[in-house]
Every structure is written in structure tokens, then in C-alpha cells.
Amino acid sequence: MGSKLFLFLSSFAFLFFFLVSCSNDEPDVAQVSQVVVFDYGDDESAPEQRLAVFLSMESDVHYASKITVKNEAEGYEWLQGGVRKLQGVSDRDWAYCVNLVPPDGMPISQGSYTVVYEDSAEKEVSSIFNLFYQENLVDSRAGDFPQILTCQFFRKVAIYSADDVLLYFGERKAEWDYDEFIFQDFSNAATVRDVYVMNTDTVLCLMPPVDLHNKDFEKTSEPSSGEGEFNFAGILDSAEENKEE
């Protein structure tokens with residue numbers, strides 16, 4: 001009886017210590033990274049815009065609850081519950097949100113933003129980041145590339161399955177002289193998009209999708225793969241997230 005009581009009290013003490021430790025763990029954001037995406041659905045239309053914000057966490061990312069992003073000049077904000085989480089990418093843990101779309105008829109504003117991270121205990125920490133991009137991209141068309149670009153850029157490729165799962169993002173391999181050769185590495189590839197990356201990976205321009213005419217594909221839930229660079233999978237995925245302004 002005494003030994004059982006000792007074990008019970010020991011377990012209770014450990015649980016109490018664990019809960020107190022968690023409740024005293026202050027949220028800590030080491031770094032904020034942002035990416036603005038210009039998405040060209042076809043050759044004729046101006047791009048749709050969206051913003052993604054990534055928080056590199058020093059505190060436990062499991063407790064991430066909410067991210068709020070506010071544009072200081074225009075005064076609008078996005079409130080994101082159901083925060084996405086990644087562990088061990090580029091040796092860091094991340095809380096992030098994608099598909100932050102500006103109010104109807106407005107481009108994503110350049111300048112200063114405040115991001116507020118909130119954990120499950122409703123503790124908050126805020127950071128500031130600045131967003132800049134080449135202004136004429138807002139009214140550009142896919143046919144303007146790459147001549148329109150006035151800064152250094154890198155041209156990459158994104159490959160998708162038939163159900164819009166991102167299979168690969170990175171440099172176009174030398175053996176992919178023709179798009180059909182992509183099937184040698186990704187038998188279920190269905191579409192491919194060129195992607196122009198600039199401003200130290202903070203601006204992405206997605207060119208219109210090209211149908212690979214793959215008649216033998218099987219639908220897949222295969223996870224994203226590629227070069228492992230952090231981590232454009234969430235941005236390039238077609239999955240929509242709800243937004244609140």
C-alpha cells in the first residue's frame with residue numbers, strides 16, 4: 001500500500017511540475033520570414049496575390065494557436081487560427097500561415113507589417129517585418145516574363161499530380177529537356193509550372209500551369225518532395241485556407 005501511494009504521489013508531482021512548466025513557457029519567435037506570391041492562372045490575366053508568413057520558433061511549436069498579421073499603413077489584418085506547424089525543417093520548428101489574400105480590388109501593400117503569435121495559453125509575442133516587391137508585377141502578364149524583371153532572379157519548376165499535390169519544387173533537371181521526360185522521375189505528374197524566385201526568396205511568380213497530358217496517372221496523396229529548401233510546399237500547394245479580415 002505504501003509503495004502504491006508513493007508511486008501515485010510521485011506521478012502526481014511529475015504531472016504538476018510538467019503542467020506548471022508548460023504554463024510558464026513564454027512564446028518566443030526567433031525570426032519572421034515572408035513570401036508574396038504572384039499567381040498567373042493563364043496568359044491573359046493579371047496575377048492573383050497572396051502572402052505567406054513563417055515564424056521560426058524558439059518555444060514549443062506544439063502550443064501554436066493563432067497568428068495575426070496586420071498591415072500598418074492600410075490598417076487591415078488577417079487572423080489565422082488552425083496554424084500550420086513544421087518541425088525540424090532547416091534545423092528549426094516553424095509556425096506559419098499561407099494564402100493571406102488582400103481585400104477585394106487591392107494589391108498586397110508594401111511596407112511594414114506586424115505579426116502577433118498566440119499560444120494555447122493565450123500568451124502573445126509580436127514581431128515586425130517589411131515587405132517589398134517590384135511594383136509593376138501587380139499589373140503584369142505571364143507573357144511579360146522574364147523581360148519584366150529588373151532584379152536578380154532564379155527560374156525553377158513546380159510539378160503537380162492530377163489532384164494538385166506538389167510533387168517537386170526546385171531546379172529543372174538537365175534530362176528534362178522536354179516536359180514529357182518528367183515522367184521518368186514522377187510517373188504521376190500531371191502539370192508543371194515555371195516559378196521565378198527573387199528578392200532572396202521573398203517573391204515568387206508562378207507561371208500558368210502546363211498540362212503534361214499524362215494519360216496513365218494515378219491519383220496520389222504522396223507528400224511533397226524536391227530539394228528540401230524551406231519550404232515552399234505550403235505556398236505552392238493549391239489547398240485553400242479560410243481567412244478572416
# chains A, B, ... in the order shown; residues from 1 in each chain; ligands from 1
$ closest_atom_pairs --of "stretch 58-135 of chain A" --to "stretch 188-203 of chain A" --cutoff "9 Å" --atoms "only C-alpha atoms" --output "tab-separated table"
residue	atom	partner	partner_atom	distance
A:Leu131	CA	A:Thr202	CA	8.3
A:Phe132	CA	A:Asn199	CA	8.4
A:Tyr133	CA	A:Val203	CA	6.7
A:Gln134	CA	A:Val203	CA	9.0
$ closest_atom_pairs --of "stretch 28-54 of chain A" --to "stretch 68-78 of chain A" --cutoff "12 Å" --atoms "only C-alpha atoms" --output "Markdown table"
| residue | atom | partner | partner_atom | distance |
| --- | --- | --- | --- | --- |
| A:Val32 | CA | A:Val69 | CA | 11.4 |
| A:Gln34 | CA | A:Val69 | CA | 10.9 |
| A:Arg50 | CA | A:Trp78 | CA | 11.6 |
| A:Leu51 | CA | A:Val69 | CA | 10.0 |
| A:Ala52 | CA | A:Val69 | CA | 9.9 |
| A:Val53 | CA | A:Val69 | CA | 8.3 |
| A:Phe54 | CA | A:Val69 | CA | 11.0 |
$ residues_around --residues "stretch 36-46 of chain A" --least-positions-apart "2" --cutoff "6 Å" --atoms "only C-alpha atoms" --output "MDAnalysis selection string"
chainID A and resid 48:51 139:142 203:208
$ write_last_selection --atoms "N, CA and C atoms" --output "compact mmCIF listing (two decimals), in the first residue's frame"
# COMPACT_ATOMS: atom_id res chain seq x y z
N GLU A 48 -3.20 36.77 -59.42
CA GLU A 48 -3.74 36.81 -58.07
C GLU A 48 -2.57 36.89 -57.10
N GLN A 49 -2.78 37.54 -55.97
CA GLN A 49 -1.73 37.71 -54.97
C GLN A 49 -2.10 37.04 -53.66
N ARG A 50 -1.11 36.53 -52.98
CA ARG A 50 -1.30 36.03 -51.63
C ARG A 50 0.02 36.15 -50.87
N LEU A 51 -0.09 36.16 -49.57
CA LEU A 51 1.06 36.32 -48.69
C LEU A 51 1.16 35.11 -47.78
N ASP A 139 0.28 44.48 -62.23
CA ASP A 139 -0.48 44.58 -63.47
C ASP A 139 0.17 43.82 -64.62
N SER A 140 1.11 42.95 -64.32
CA SER A 140 1.85 42.25 -65.37
C SER A 140 1.06 41.05 -65.89
N ARG A 141 1.57 40.45 -66.96
CA ARG A 141 1.01 39.24 -67.53
C ARG A 141 2.11 38.20 -67.67
N ALA A 142 1.73 36.95 -67.79
CA ALA A 142 2.73 35.88 -67.86
C ALA A 142 3.67 36.07 -69.04
N VAL A 203 9.84 36.73 -52.96
CA VAL A 203 8.87 36.97 -54.01
C VAL A 203 8.88 35.79 -54.97
N LEU A 204 7.70 35.19 -55.22
CA LEU A 204 7.55 34.09 -56.15
C LEU A 204 6.52 34.45 -57.20
N CYS A 205 6.85 34.21 -58.47
CA CYS A 205 5.90 34.40 -59.56
C CYS A 205 5.65 33.04 -60.22
N LEU A 206 4.42 32.54 -60.09
CA LEU A 206 4.05 31.24 -60.64
C LEU A 206 3.44 31.43 -62.02
N MET A 207 4.09 30.86 -63.04
CA MET A 207 3.58 30.93 -64.39
C MET A 207 2.39 29.98 -64.57
N PRO A 208 1.59 30.17 -65.62
CA PRO A 208 0.41 29.33 -65.80
C PRO A 208 0.77 27.85 -65.88
$ residues_around --residues "A:Val29" --least-positions-apart "5" --cutoff "6 Å" --atoms "only C-alpha atoms" --output "MDAnalysis selection string"
chainID A and resid 56:58
$ select_by_dssp --residues "stretch 69-203 of chain A" --states "strand (DSSP E)" --output "JSON, numbers by chain"
{"A": [69, 70, 71, 77, 78, 79, 80, 81, 84, 85, 86, 87, 88, 89, 92, 93, 94, 95, 96, 97, 98, 99, 100, 111, 112, 113, 114, 115, 116, 117, 118, 119, 124, 125, 126, 127, 128, 129, 130, 131, 153, 154, 155, 156, 157, 158, 159, 160, 161, 166, 167, 168, 169, 170, 189, 190, 191, 192, 193, 194, 195, 196, 197, 198, 203]}
$ closest_residue --among "A:Val89, A:Ile128, A:Val61, A:Val138" --to "A:Pro107" --atoms "only C-alpha atoms"
A:Val138
